[in-house]
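For reference, target.cif (mmCIF, C-alpha atoms and all ligand atoms):
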data_start
#
loop_
_atom_site.label_atom_id
_atom_site.label_comp_id
_atom_site.auth_asym_id
_atom_site.auth_seq_id
_atom_site.Cartn_x
_atom_site.Cartn_y
_atom_site.Cartn_z
CA MET V 147 -11.62 13.70 12.97
CA SER V 148 -9.96 10.27 13.27
CA GLN V 149 -12.02 8.30 15.70
CA VAL V 150 -11.06 5.97 18.51
CA PHE V 151 -11.98 2.30 18.27
CA VAL V 152 -13.89 0.74 21.15
CA VAL V 153 -14.40 -2.90 22.05
CA ASP V 154 -16.44 -4.19 24.97
CA ALA V 155 -15.25 -6.52 27.70
CA ASN V 156 -15.94 -9.50 25.45
CA HIS V 157 -13.77 -7.99 22.68
CA GLN V 158 -16.86 -7.27 20.63
CA PRO V 159 -16.29 -4.25 18.33
CA LEU V 160 -18.57 -1.25 19.00
CA ASN V 161 -19.01 2.05 17.21
CA PRO V 162 -15.81 4.12 17.11
CA VAL V 163 -16.10 7.29 19.22
CA HIS V 164 -14.83 10.86 19.07
CA PRO V 165 -11.49 11.34 20.90
CA GLY V 166 -13.21 13.66 23.38
CA ARG V 167 -15.64 10.93 24.37
CA ALA V 168 -12.75 8.48 24.62
CA ARG V 169 -11.02 10.82 27.07
CA LEU V 170 -14.17 10.97 29.20
CA LEU V 171 -14.47 7.17 29.22
CA LEU V 172 -10.87 6.84 30.34
CA LYS V 173 -11.22 9.55 32.97
CA ALA V 174 -14.37 8.01 34.42
CA GLY V 175 -12.58 4.67 34.65
CA LYS V 176 -15.13 3.00 32.39
CA ALA V 177 -12.52 1.95 29.83
CA ALA V 178 -8.83 1.17 29.53
CA VAL V 179 -6.38 1.46 26.66
CA TYR V 180 -6.49 -1.77 24.68
CA ARG V 181 -4.19 -0.92 21.73
CA ARG V 182 -2.10 2.13 21.14
CA TYR V 183 -1.91 1.66 17.35
CA PRO V 184 -4.57 2.07 16.13
CA PHE V 185 -5.78 3.68 19.36
CA THR V 186 -8.45 1.41 20.86
CA LEU V 187 -10.27 1.35 24.17
CA ILE V 188 -11.68 -1.67 25.94
CA LEU V 189 -14.77 -1.14 28.07
CA LYS V 190 -14.83 -2.70 31.49
CA THR V 191 -18.33 -4.05 30.93
CA ALA V 192 -19.90 -6.20 28.25
CA VAL V 193 -22.61 -4.73 26.03
CA GLU V 194 -25.57 -6.94 25.16
CA HIS V 195 -26.83 -6.53 21.57
CA PRO V 196 -25.05 -3.27 20.82
CA ALA V 197 -26.49 -1.01 18.12
CA VAL V 198 -23.62 -0.53 15.70
CA SER V 199 -23.49 1.33 12.40
CA GLU V 200 -21.90 -0.75 9.70
CA LEU V 201 -18.52 0.25 8.30
CA ARG V 202 -16.86 -0.63 5.03
CA ILE V 203 -13.13 -1.15 4.77
CA LYS V 204 -11.72 0.22 1.52
CA ILE V 205 -8.36 -0.68 0.10
CA ASP V 206 -6.23 0.88 -2.61
CA PRO V 207 -3.32 -1.56 -3.04
CA GLY V 208 -0.03 -0.12 -4.25
CA SER V 209 3.46 -1.51 -4.68
CA LYS V 210 5.05 0.64 -1.96
CA THR V 211 2.05 1.95 -0.04
CA THR V 212 -1.48 0.65 0.35
CA GLY V 213 -4.19 3.10 1.33
CA ILE V 214 -6.80 1.91 3.82
CA ALA V 215 -9.95 3.79 4.81
CA LEU V 216 -12.91 2.89 6.99
CA VAL V 217 -16.04 4.53 5.65
CA ASN V 218 -19.57 4.70 6.98
CA ASP V 219 -21.57 4.31 3.75
CA ALA V 220 -24.73 5.75 5.28
CA THR V 221 -23.23 9.06 6.43
CA GLY V 222 -20.20 9.31 4.14
CA GLU V 223 -18.00 9.72 7.18
CA VAL V 224 -14.43 8.45 7.03
CA VAL V 225 -13.77 6.99 10.47
CA PHE V 226 -10.16 5.94 10.10
CA ALA V 227 -7.45 6.14 7.47
CA ALA V 228 -4.04 4.53 7.21
CA HIS V 229 -1.08 4.26 4.89
CA LEU V 230 0.38 0.79 4.98
CA GLU V 231 4.03 0.89 3.88
CA HIS V 232 5.27 -2.41 2.46
CA ARG V 233 8.76 -3.82 2.59
CA GLY V 234 8.80 -5.56 -0.80
CA GLN V 235 12.07 -3.96 -1.87
CA ALA V 236 13.77 -4.81 1.42
CA ILE V 237 12.76 -8.45 1.05
CA LYS V 238 14.10 -8.64 -2.46
CA HIS V 239 17.35 -7.06 -1.34
CA ALA V 240 17.75 -9.50 1.56
CA LEU V 241 17.10 -12.50 -0.68
CA ASP V 242 19.52 -11.26 -3.34
CA GLN V 243 22.15 -10.84 -0.68
CA ARG V 244 21.54 -14.27 0.77
CA ARG V 245 21.74 -15.82 -2.68
CA ALA V 246 25.06 -14.13 -3.41
CA VAL V 247 26.57 -15.15 -0.09
CA ARG V 248 25.47 -18.76 -0.51
CA ARG V 249 26.73 -18.93 -4.04
CA ALA V 250 30.12 -17.59 -3.05
CA ARG V 251 30.36 -19.92 -0.06
CA ARG V 252 29.46 -23.01 -2.05
CA GLN V 253 31.94 -22.24 -4.77
CA ARG V 254 34.77 -21.40 -2.47
CA LYS V 255 36.25 -24.72 -1.41
CA THR V 256 33.93 -27.44 -2.51
CA ARG V 257 34.17 -29.96 -5.30
CA TYR V 258 32.13 -29.36 -8.41
CA ARG V 259 28.48 -30.21 -8.04
CA GLN V 260 25.90 -30.24 -10.73
CA PRO V 261 23.50 -27.38 -10.42
CA HIS V 262 20.13 -28.39 -9.05
CA PHE V 263 17.48 -26.09 -10.28
CA LEU V 264 14.75 -28.17 -11.82
CA ASN V 265 13.92 -30.14 -8.69
CA ARG V 266 11.73 -27.55 -7.01
CA ARG V 267 7.99 -27.47 -7.13
CA ARG V 268 5.83 -24.44 -6.46
CA ARG V 269 2.31 -24.74 -5.19
CA PRO V 270 -0.34 -23.18 -7.40
CA GLY V 271 -0.88 -19.52 -6.57
CA TRP V 272 2.70 -19.07 -5.39
CA LEU V 273 3.89 -15.48 -5.36
CA PRO V 274 7.47 -14.23 -5.04
CA PRO V 275 8.21 -13.41 -1.38
CA SER V 276 8.26 -9.66 -1.97
CA LEU V 277 4.75 -9.75 -3.47
CA GLU V 278 3.49 -12.30 -0.97
CA SER V 279 4.46 -9.96 1.85
CA ARG V 280 2.42 -7.12 0.34
CA VAL V 281 -0.66 -9.31 0.14
CA ALA V 282 -0.07 -10.67 3.63
CA ASN V 283 0.36 -7.14 5.07
CA VAL V 284 -3.04 -6.09 3.75
CA VAL V 285 -4.77 -9.27 4.87
CA THR V 286 -3.25 -8.88 8.35
CA TRP V 287 -4.58 -5.34 8.67
CA VAL V 288 -8.03 -6.17 7.38
CA GLN V 289 -8.13 -8.91 9.99
CA ARG V 290 -6.91 -6.62 12.78
CA LEU V 291 -9.35 -3.86 11.92
CA CYS V 292 -12.22 -6.35 11.74
CA HIS V 293 -11.49 -7.13 15.39
CA LEU V 294 -11.63 -3.46 16.36
CA ALA V 295 -14.51 -2.02 14.35
CA PRO V 296 -17.91 -3.26 13.12
CA ILE V 297 -16.81 -3.93 9.53
CA THR V 298 -19.39 -5.58 7.31
CA ALA V 299 -18.08 -5.05 3.79
CA ILE V 300 -14.85 -4.71 1.84
CA SER V 301 -14.01 -2.65 -1.25
CA GLN V 302 -10.82 -3.11 -3.20
CA GLU V 303 -9.35 -1.48 -6.26
CA LEU V 304 -8.76 -4.51 -8.47
CA VAL V 305 -7.67 -3.23 -11.87
CA THR V 306 -6.27 0.00 -13.25
CA PHE V 307 -8.96 0.21 -15.88
CA ASP V 308 -12.11 -1.69 -16.58
CA LEU V 309 -11.60 -3.35 -19.96
CA GLN V 310 -15.07 -4.83 -20.14
CA ALA V 311 -16.70 -1.51 -19.37
CA MET V 312 -14.66 0.05 -22.15
CA GLU V 313 -15.74 -2.51 -24.71
CA ASN V 314 -19.42 -2.48 -23.75
CA PRO V 315 -20.02 1.02 -22.43
CA GLU V 316 -23.73 0.43 -21.97
CA ILE V 317 -23.37 -2.29 -19.34
CA SER V 318 -22.50 -0.08 -16.40
CA GLY V 319 -25.30 2.41 -16.04
CA THR V 320 -25.55 6.12 -16.50
CA ALA V 321 -22.06 7.15 -15.46
CA TYR V 322 -20.66 5.33 -18.46
CA GLN V 323 -23.36 6.53 -20.80
CA GLN V 324 -22.59 10.12 -19.91
CA GLY V 325 -19.11 9.38 -21.11
CA THR V 326 -17.21 11.01 -18.26
CA LEU V 327 -16.26 7.87 -16.40
CA PHE V 328 -15.56 6.22 -19.74
CA GLY V 329 -12.91 8.92 -20.34
CA TYR V 330 -11.15 8.02 -17.09
CA GLU V 331 -11.00 4.34 -17.94
CA VAL V 332 -9.65 5.14 -21.39
CA LYS V 333 -7.00 7.44 -19.95
CA GLU V 334 -5.79 4.76 -17.54
CA TYR V 335 -5.72 2.25 -20.38
CA VAL V 336 -3.73 4.55 -22.67
CA LEU V 337 -1.29 5.39 -19.87
CA GLU V 338 -0.68 1.72 -19.25
CA LYS V 339 -0.39 0.87 -22.95
CA TRP V 340 2.15 3.62 -23.69
CA ASN V 341 4.13 3.10 -20.47
CA ARG V 342 3.37 6.60 -19.14
CA ARG V 343 5.74 8.31 -21.56
CA CYS V 344 5.45 10.46 -24.68
CA ALA V 345 5.10 8.20 -27.71
CA TYR V 346 7.11 10.53 -29.93
CA CYS V 347 10.05 11.74 -27.83
CA GLY V 348 9.87 9.26 -24.93
CA VAL V 349 9.92 11.91 -22.21
CA GLU V 350 8.67 10.79 -18.76
CA GLY V 351 7.45 12.61 -15.69
CA VAL V 352 5.79 15.52 -17.47
CA PRO V 353 2.08 16.14 -17.99
CA LEU V 354 0.99 13.92 -20.87
CA GLN V 355 -1.97 14.45 -23.14
CA VAL V 356 -4.05 11.87 -24.91
CA GLU V 357 -3.21 12.25 -28.57
CA HIS V 358 -5.05 11.11 -31.68
CA ILE V 359 -2.58 9.33 -33.93
CA GLN V 360 -4.75 10.06 -36.91
CA ALA V 361 -6.01 13.54 -36.10
CA ARG V 362 -9.70 14.13 -35.46
CA ALA V 363 -9.59 16.80 -38.15
CA LYS V 364 -8.40 14.20 -40.64
CA GLY V 365 -11.17 11.75 -39.86
CA GLY V 366 -9.40 9.94 -36.97
CA THR V 367 -11.75 8.34 -34.44
CA ASN V 368 -11.86 8.23 -30.64
CA ARG V 369 -11.21 4.49 -30.69
CA VAL V 370 -8.61 3.40 -28.18
CA SER V 371 -6.47 2.02 -31.00
CA ASN V 372 -6.17 5.56 -32.39
CA LEU V 373 -4.99 7.05 -29.10
CA CYS V 374 -1.51 7.51 -27.75
CA LEU V 375 0.28 9.78 -25.28
CA ALA V 376 2.21 12.91 -26.15
CA CYS V 377 3.90 15.64 -24.18
CA GLU V 378 2.64 19.13 -24.82
CA PRO V 379 5.49 20.26 -27.16
CA CYS V 380 5.15 17.11 -29.31
CA ASN V 381 1.37 17.41 -29.36
CA LEU V 382 1.55 21.04 -30.47
CA SER V 383 4.18 20.48 -33.14
CA LYS V 384 2.32 17.49 -34.52
CA GLY V 385 -0.94 19.38 -34.67
CA SER V 386 -3.28 17.77 -37.16
CA GLN V 387 -0.50 16.37 -39.33
CA ASP V 388 -0.57 12.75 -40.31
CA VAL V 389 1.75 10.71 -38.10
CA ARG V 390 3.64 9.54 -41.21
CA VAL V 391 4.37 13.15 -42.17
CA PHE V 392 5.22 14.20 -38.61
CA LEU V 393 7.70 11.35 -38.14
CA ALA V 394 8.95 11.26 -41.75
CA ASP V 395 12.57 11.87 -40.69
CA GLN V 396 12.43 9.35 -37.81
CA PRO V 397 11.51 6.04 -39.45
CA ASP V 398 12.39 4.00 -36.33
CA THR V 399 10.06 5.97 -34.09
CA LEU V 400 7.33 5.84 -36.71
CA LYS V 401 7.62 2.07 -36.94
CA ARG V 402 7.53 1.72 -33.15
CA VAL V 403 4.49 3.95 -32.78
CA LEU V 404 2.59 2.15 -35.52
CA ASP V 405 3.49 -1.28 -34.13
CA GLN V 406 2.44 -0.32 -30.62
CA THR V 407 -0.80 1.09 -31.96
CA ARG V 408 -1.78 -2.20 -33.48
CA ALA V 409 -0.88 -4.36 -30.50
CA PRO V 410 -3.75 -4.33 -28.01
CA LEU V 411 -2.78 -4.37 -24.36
CA LYS V 412 -3.34 -7.88 -23.13
CA ASP V 413 -6.01 -8.49 -20.49
CA ALA V 414 -3.35 -9.89 -18.22
CA ALA V 415 -1.64 -6.53 -18.09
CA ALA V 416 -4.82 -4.94 -16.79
CA VAL V 417 -5.03 -7.30 -13.85
CA ASN V 418 -2.10 -7.24 -11.58
CA THR V 419 -1.40 -10.69 -10.06
CA THR V 420 -0.95 -9.34 -6.58
CA ARG V 421 -4.27 -7.56 -6.59
CA ARG V 422 -6.07 -10.61 -7.93
CA THR V 423 -4.55 -12.78 -5.20
CA LEU V 424 -5.48 -10.19 -2.59
CA TYR V 425 -9.03 -10.18 -3.90
CA GLU V 426 -9.27 -13.96 -3.55
CA ARG V 427 -7.93 -13.83 0.02
CA LEU V 428 -10.26 -11.03 1.01
CA LYS V 429 -13.20 -13.10 -0.22
CA ALA V 430 -12.18 -15.75 2.31
CA PHE V 431 -13.22 -13.34 5.11
CA GLY V 432 -16.83 -14.14 4.28
CA LEU V 433 -17.77 -10.45 3.89
CA PRO V 434 -19.10 -9.05 0.60
CA VAL V 435 -16.11 -7.83 -1.44
CA GLU V 436 -16.69 -5.07 -3.96
CA SER V 437 -14.07 -4.46 -6.63
CA GLY V 438 -13.50 -1.26 -8.53
CA SER V 439 -11.16 0.02 -11.22
CA GLY V 440 -8.52 2.72 -10.94
CA GLY V 441 -10.44 4.75 -13.50
CA LEU V 442 -13.52 4.67 -11.27
CA THR V 443 -11.48 5.66 -8.22
CA LYS V 444 -10.05 8.67 -10.02
CA PHE V 445 -13.50 9.59 -11.31
CA ASN V 446 -14.95 9.42 -7.78
CA ARG V 447 -12.07 11.41 -6.31
CA ILE V 448 -12.10 14.24 -8.85
CA ARG V 449 -15.89 14.46 -8.78
CA ARG V 450 -15.77 15.02 -5.03
CA GLY V 451 -13.00 17.60 -5.42
CA LEU V 452 -10.50 15.64 -3.32
CA PRO V 453 -6.70 15.71 -3.62
CA LYS V 454 -4.65 12.65 -4.50
CA ALA V 455 -3.37 10.55 -1.60
CA HIS V 456 -3.41 6.84 -0.90
CA ARG V 457 -6.06 6.90 1.84
CA ILE V 458 -8.25 9.25 -0.20
CA ASP V 459 -8.00 6.94 -3.21
CA ALA V 460 -8.89 4.12 -0.85
CA ALA V 461 -11.97 6.00 0.37
CA CYS V 462 -13.01 6.62 -3.26
CA THR V 463 -12.68 2.97 -4.35
CA GLY V 464 -15.68 1.21 -5.81
CA GLY V 465 -19.20 2.04 -6.87
CA SER V 466 -20.49 2.18 -3.28
CA THR V 467 -18.65 5.45 -2.55
CA PRO V 468 -21.09 7.89 -0.87
CA ALA V 469 -21.87 11.11 -2.76
CA GLN V 470 -20.14 13.14 -0.10
CA LEU V 471 -17.09 11.92 1.77
CA ARG V 472 -16.44 13.59 5.10
CA LEU V 473 -12.76 13.29 5.77
CA ALA V 474 -11.74 16.68 7.11
CA GLY V 475 -9.44 16.35 10.12
CA ILE V 476 -8.53 12.72 9.49
CA ILE V 477 -4.89 12.16 10.38
CA PRO V 478 -3.78 8.96 8.68
CA LEU V 479 -1.81 6.44 10.68
CA VAL V 480 1.34 5.40 8.82
CA ILE V 481 1.90 1.70 9.41
CA THR V 482 5.31 0.50 8.25
CA ALA V 483 5.97 -3.21 7.83
CA LYS V 484 9.24 -4.14 9.51
CA GLY V 485 9.16 -7.91 9.37
CA HIS V 486 9.78 -10.21 12.31
CA GLY V 487 13.57 -10.40 12.18
CA CYS V 488 15.42 -13.02 10.16
CA ARG V 489 16.27 -16.66 10.64
CA GLN V 490 19.98 -16.18 10.13
CA LYS V 491 21.80 -17.79 13.06
CA CYS V 492 24.64 -15.33 12.97
CA ASN V 493 25.37 -12.02 11.28
CA VAL V 494 27.77 -12.28 8.33
CA ASN V 495 29.95 -9.74 6.60
CA ASP V 496 29.74 -8.83 2.91
CA ILE V 497 31.51 -11.98 1.74
CA GLY V 498 29.65 -14.37 3.99
CA PHE V 499 32.00 -14.86 6.95
CA PRO V 500 30.60 -14.78 10.48
CA ARG V 501 30.81 -11.32 11.91
CA SER V 502 29.54 -12.00 15.40
CA GLN V 503 28.71 -14.62 17.96
CA PRO V 504 25.65 -16.71 17.23
CA LYS V 505 22.54 -14.68 17.93
CA GLY V 506 20.97 -14.97 21.33
CA ALA V 507 17.33 -15.50 22.19
CA LYS V 508 14.87 -13.19 20.50
CA LYS V 509 13.18 -12.19 23.75
CA VAL V 510 15.26 -10.55 26.44
CA HIS V 511 13.61 -9.84 29.80
CA GLY V 512 10.21 -9.92 28.10
CA PHE V 513 11.15 -7.45 25.33
CA GLN V 514 12.01 -8.02 21.71
CA THR V 515 13.44 -5.70 19.09
CA GLY V 516 10.68 -3.57 17.62
CA ASP V 517 8.54 -3.23 20.76
CA LEU V 518 7.52 0.27 21.71
CA ALA V 519 8.49 1.11 25.27
CA ARG V 520 8.86 3.95 27.71
CA ALA V 521 11.98 4.18 29.87
CA ILE V 522 12.01 6.32 33.00
CA VAL V 523 15.66 6.45 33.96
CA THR V 524 16.06 7.52 37.56
CA LYS V 525 19.83 7.29 38.03
CA GLY V 526 23.08 7.48 36.09
CA THR V 527 24.08 9.83 33.29
CA LYS V 528 20.97 9.18 31.21
CA GLN V 529 18.33 10.38 33.66
CA GLY V 530 15.06 11.28 31.98
CA THR V 531 12.08 9.78 30.19
CA TYR V 532 12.42 8.23 26.76
CA THR V 533 9.76 6.71 24.50
CA GLY V 534 10.63 4.75 21.41
CA ARG V 535 11.35 1.52 19.62
CA VAL V 536 13.44 -0.95 21.58
CA LEU V 537 16.52 -2.75 20.30
CA VAL V 538 17.32 -5.57 22.68
CA ARG V 539 20.69 -6.94 23.72
CA ALA V 540 21.21 -10.19 25.58
CA SER V 541 23.03 -8.23 28.30
CA GLY V 542 19.76 -6.45 29.16
CA SER V 543 21.19 -3.08 28.11
CA PHE V 544 18.76 -1.84 25.44
CA ASP V 545 18.82 0.94 22.88
CA LEU V 546 15.79 3.15 22.34
CA GLN V 547 15.11 4.72 18.96
CA THR V 548 13.30 7.90 19.96
CA LYS V 549 12.09 10.82 17.86
CA GLN V 550 15.18 12.76 18.88
CA GLY V 551 17.56 9.95 17.94
CA ARG V 552 18.96 6.76 19.35
CA VAL V 553 19.65 6.49 23.06
CA GLN V 554 22.08 3.71 23.91
CA GLY V 555 22.57 1.62 27.00
CA ILE V 556 19.21 1.81 28.79
CA SER V 557 18.72 -0.97 31.29
CA HIS V 558 15.67 -3.19 30.82
CA ARG V 559 14.69 -2.44 34.42
CA PHE V 560 13.74 1.11 33.48
CA CYS V 561 11.55 0.05 30.53
CA THR V 562 7.77 -0.43 30.45
CA PRO V 563 6.21 -1.92 27.32
CA LEU V 564 3.71 0.33 25.52
CA HIS V 565 2.94 -1.64 22.38
CA ARG V 566 4.25 -4.99 21.23
CA SER V 567 5.92 -4.98 17.82
CA TYR V 568 4.06 -7.71 15.85
CA GLY V 569 6.07 -6.68 12.78
CA TYR V 570 5.02 -3.05 12.29
CA THR V 571 5.99 0.44 13.40
CA TYR V 572 3.72 3.45 13.44
CA THR V 573 3.91 7.16 12.86
CA ARG V 574 1.34 9.87 12.33
CA LEU V 575 1.36 11.68 9.02
CA SER V 576 1.73 15.36 9.88
CA GLU V 577 -0.46 16.38 6.98
CA VAL V 578 -4.15 16.36 7.81
CA CYS V 579 -6.75 15.43 5.21
CA SER V 580 -8.16 18.63 3.85
CA PRO V 581 -10.92 18.82 1.30
CA HIS V 582 -8.88 21.35 -0.68
CA PRO V 583 -5.71 20.41 -2.57
CA ILE V 584 -3.09 22.88 -1.39
CA HIS V 585 0.37 21.45 -0.89
CA LEU V 586 -0.10 18.29 -2.86
CA LYS V 587 2.11 17.41 -5.77
CA ARG V 588 0.35 17.06 -9.09
CA LYS V 589 0.43 13.73 -10.78
CA ALA V 590 2.76 13.40 -13.74
CA HIS V 591 -0.06 13.45 -16.25
CA SER V 592 -2.88 15.86 -16.67
CA SER V 593 -6.41 14.76 -15.97
CA PRO V 594 -8.57 13.95 -18.96
CA ALA V 595 -10.56 16.76 -20.45
ZN ZN I 1 7.19 14.41 -26.59
#
What is this structure when it is put down as structure tokens?
Amino acid sequence: MSQVFVVDANHQPLNPVHPGRARLLLKAGKAAVYRRYPFTLILKTAVEHPAVSELRIKIDPGSKTTGIALVNDATGEVVFAAHLEHRGQAIKHALDQRRAVRRARRQRKTRYRQPHFLNRRRRPGWLPPSLESRVANVVTWVQRLCHLAPITAISQELVTFDLQAMENPEISGTAYQQGTLFGYEVKEYVLEKWNRRCAYCGVEGVPLQVEHIQARAKGGTNRVSNLCLACEPCNLSKGSQDVRVFLADQPDTLKRVLDQTRAPLKDAAAVNTTRRTLYERLKAFGLPVESGSGGLTKFNRIRRGLPKAHRIDAACTGGSTPAQLRLAGIIPLVITAKGHGCRQKCNVNDIGFPRSQPKGAKKVHGFQTGDLARAIVTKGTKQGTYTGRVLVRASGSFDLQTKQGRVQGISHRFCTPLHRSYGYTYTRLSEVCSPHPIHLKRKAHSSPA
């Protein structure tokens, strides 16, 4: 069951409680709603030296979605889970559009000017805006959750596979020595190295098998340099043939496969810049930060018989994962980054000409676009109650984006704010965490044997 966060009158985070208990607190008048997303109560009294059980925030960063889970390491209970949807693609699109409009405008009627492109300096650690926003989204949410729950440690998936562990299998304890975890790291490495496609026919999006280039039967080893990916038909038709025989009539493919075999995947490819930057920024929180590999996450998840989903991967990140994760009934909160509007003074059309009057003030009658509000309309043609995301107009006539659709022309006088925007919108994922994989799509590659 997703729990409800509680803070005391001094904004000190306390143990999250069961929703039933939260209802009782509200009913008895001992607490009030502090935040709607994630749902948080504030007690009307302060608690001296509260006994809190420590929580760990676990993060599985992705390019479109980041999984976040709050786990009690002692009991294995998952207290809260969220999917954080980034807007990297939207940022890139907006910047591309701005660049095109500026370029067209500057070329239109001006004299020739020399291009200026070598006069910019970037501070060390600079990331492109689309990547920076992903890192900033995660940091923002770690910060927010630290204010709402007693979080004392952070776990983050840092790399897809653990190169060092693969080279020195004995360094990481029994799991590696048993060879199972080792297999997961190798699989992730091979997937990355061969771009998640069949090495022989190039097919993507089908289950792929790890293939021995020189067959085991012909004395080929399990070394990573002897492994590649093959789809099932290719793997079957190759059988134990030598790769030179199998690809005798396709010299180009043979050359490519042999070249790619020799080239080791560079360390840099294993560590994604964004994740490394995120790791550095999380360390600045002053909490212990544990890092794990994607191979370890997958190992943890499959060992516990859990389906694949971002928040479940998040809960399985790192070596600290409890032997049993209790996440039945957790409904993840979907947090979508929406940005804070843009600095453009005026909307422009496709070729950069003003399309409207200059924009008005961002706040209108105390509301701004993105706020969640409830409107109880008592007169006119739109009588009724509406709840949704506000779109403000300077005239004070707002639109409300509700679940049923957009309702136009609601006066600000009928609106009550429910939750201020702060750059995100929220939905509940309808699918509940279940310990059994039922309706979940399989990943494009089969799990290692
Ligand atoms: Zn194939």
Expected selection as a PyMOL selection string for ligand ZN 1 (chain I) within 10 Å, all atoms listed in the file:
chain V and resi 343-350+352+354-355+375-384
Which residues of region 201-269 of chain V sit at most 10 Å from region 448-469 of chain V, using all atoms listed in the file? Give each one's shortest atom pair and distance in Å (one decimal place), in chain and ascending residue order, as a Markdown table.
| residue | atom | partner | partner_atom | distance |
| --- | --- | --- | --- | --- |
| V:Arg202 | CA | V:Ala461 | CA | 9.5 |
| V:Ile203 | CA | V:Ala461 | CA | 8.5 |
| V:Lys204 | CA | V:Ala460 | CA | 5.4 |
| V:Ile205 | CA | V:Ala460 | CA | 4.9 |
| V:Asp206 | CA | V:Ala460 | CA | 4.5 |
| V:Pro207 | CA | V:Ala460 | CA | 8.3 |
| V:Gly208 | CA | V:His456 | CA | 8.4 |
| V:Thr211 | CA | V:His456 | CA | 7.4 |
| V:Thr212 | CA | V:His456 | CA | 6.6 |
| V:Gly213 | CA | V:Arg457 | CA | 4.3 |
| V:Ile214 | CA | V:Arg457 | CA | 5.4 |
| V:Ala215 | CA | V:Ala461 | CA | 5.4 |
| V:Leu216 | CA | V:Ala461 | CA | 7.4 |
| V:Val217 | CA | V:Ala461 | CA | 6.8 |
| V:Asn218 | CA | V:Pro468 | CA | 8.6 |
| V:Asp219 | CA | V:Pro468 | CA | 5.9 |
| V:Ala220 | CA | V:Pro468 | CA | 7.5 |
| V:Thr221 | CA | V:Pro468 | CA | 7.7 |
| V:Gly222 | CA | V:Pro468 | CA | 5.3 |
| V:Glu223 | CA | V:Pro468 | CA | 8.8 |
| V:Val224 | CA | V:Ala461 | CA | 7.5 |
| V:Phe226 | CA | V:Arg457 | CA | 9.3 |
| V:Ala227 | CA | V:Arg457 | CA | 5.8 |
| V:Ala228 | CA | V:Arg457 | CA | 6.2 |
| V:His229 | CA | V:Arg457 | CA | 6.4 |
| V:Leu230 | CA | V:His456 | CA | 9.2 |
Closest-contact table, region 167-251 of chain V side, partner region 480-503 of chain V, 8 Å, counting only C-alpha atoms, as a Markdown table:
| residue | atom | partner | partner_atom | distance |
| --- | --- | --- | --- | --- |
| V:Ala228 | CA | V:Val480 | CA | 5.7 |
| V:His229 | CA | V:Val480 | CA | 4.8 |
| V:Leu230 | CA | V:Ile481 | CA | 4.8 |
| V:Glu231 | CA | V:Thr482 | CA | 4.6 |
| V:His232 | CA | V:Ala483 | CA | 5.5 |
| V:Arg233 | CA | V:Ala483 | CA | 6.0 |
| V:Val247 | CA | V:Gly498 | CA | 5.2 |
| V:Arg248 | CA | V:Gly498 | CA | 7.5 |
| V:Ala250 | CA | V:Ile497 | CA | 7.5 |
| V:Arg251 | CA | V:Gly498 | CA | 6.9 |
Distance criterion (only C-alpha atoms): nearest to His164 (chain V) out of V:Val332, V:Leu294, V:Ile476, V:Val288
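Comparing V:Val332, V:Leu294, V:Ile476, V:Val288 against His164 (chain V), the winner is V:Ile476.
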To one decimal place in Å, what is the distance between CA of Arg408 (chain V) and CA of Asp388 (chain V)?
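Atom-to-atom, CA of Arg408 (chain V) to CA of Asp388 (chain V), that is 16.5 Å.
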Gap from CA of Ser437 (chain V) to CA of Arg280 (chain V) - Å, one decimal:
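For CA of Ser437 (chain V) relative to CA of Arg280 (chain V), the distance reads 18.1 Å.
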So, with all atoms listed in the file as the atoms that count, which of V:Gln529, V:Ser148, V:Asn161, V:Asn418 lies closest to Gly555 (chain V)?
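Nearest to Gly555 (chain V): V:Gln529.
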Give me the region 266-296 of chain V side of the contact with region 165-183 of chain V, cut-off 12 Å, one line per residue showing its nearest atom pair and distance in Å at one decimal, counting only C-alpha atoms, sorted by chain and residue number, as a tab-separated table.
residue	atom	partner	partner_atom	distance
V:Trp287	CA	V:Tyr183	CA	11.5
V:Arg290	CA	V:Tyr183	CA	10.7
V:Leu291	CA	V:Tyr183	CA	10.7
V:His293	CA	V:Arg181	CA	11.5
V:Leu294	CA	V:Arg181	CA	9.5
How would the residues just picked look written out with C-alpha atoms as a compact mmCIF listing (two decimals), keeping the file's coordinate frame?
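So the final result, stored in part17.txt, reads:
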# COMPACT_ATOMS: atom_id res chain seq x y z
CA TRP V 287 -4.58 -5.34 8.67
CA ARG V 290 -6.91 -6.62 12.78
CA LEU V 291 -9.35 -3.86 11.92
CA HIS V 293 -11.49 -7.13 15.39
CA LEU V 294 -11.63 -3.46 16.36
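The two atoms in question, CA of Tyr570 (chain V) and CA of Pro275 (chain V), are spaced 17.4 Å apart.
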Select all residues near (9.1, 8.1, 23.7) (cut-off 9 Å, inclusive, file coordinates), counting all atoms listed in the file, and output them as an MDAnalysis selection string.
chainID V and resid 518:521 531:535 546:549
Skip region 513-515 of chain V itself and residues of its chain fewer than 2 positions away, then list as a CSV table (one decimal) with C-alpha atoms, keeping the file's coordinate frame all residues within 8 Å of it, counting all atoms listed in the file.
chain,number,residue,atom,x,y,z
V,508,LYS,CA,14.9,-13.2,20.5
V,509,LYS,CA,13.2,-12.2,23.8
V,510,VAL,CA,15.3,-10.6,26.4
V,511,HIS,CA,13.6,-9.8,29.8
V,517,ASP,CA,8.5,-3.2,20.8
V,535,ARG,CA,11.4,1.5,19.6
V,536,VAL,CA,13.4,-1.0,21.6
V,537,LEU,CA,16.5,-2.8,20.3
V,538,VAL,CA,17.3,-5.6,22.7
V,563,PRO,CA,6.2,-1.9,27.3
V,567,SER,CA,5.9,-5.0,17.8
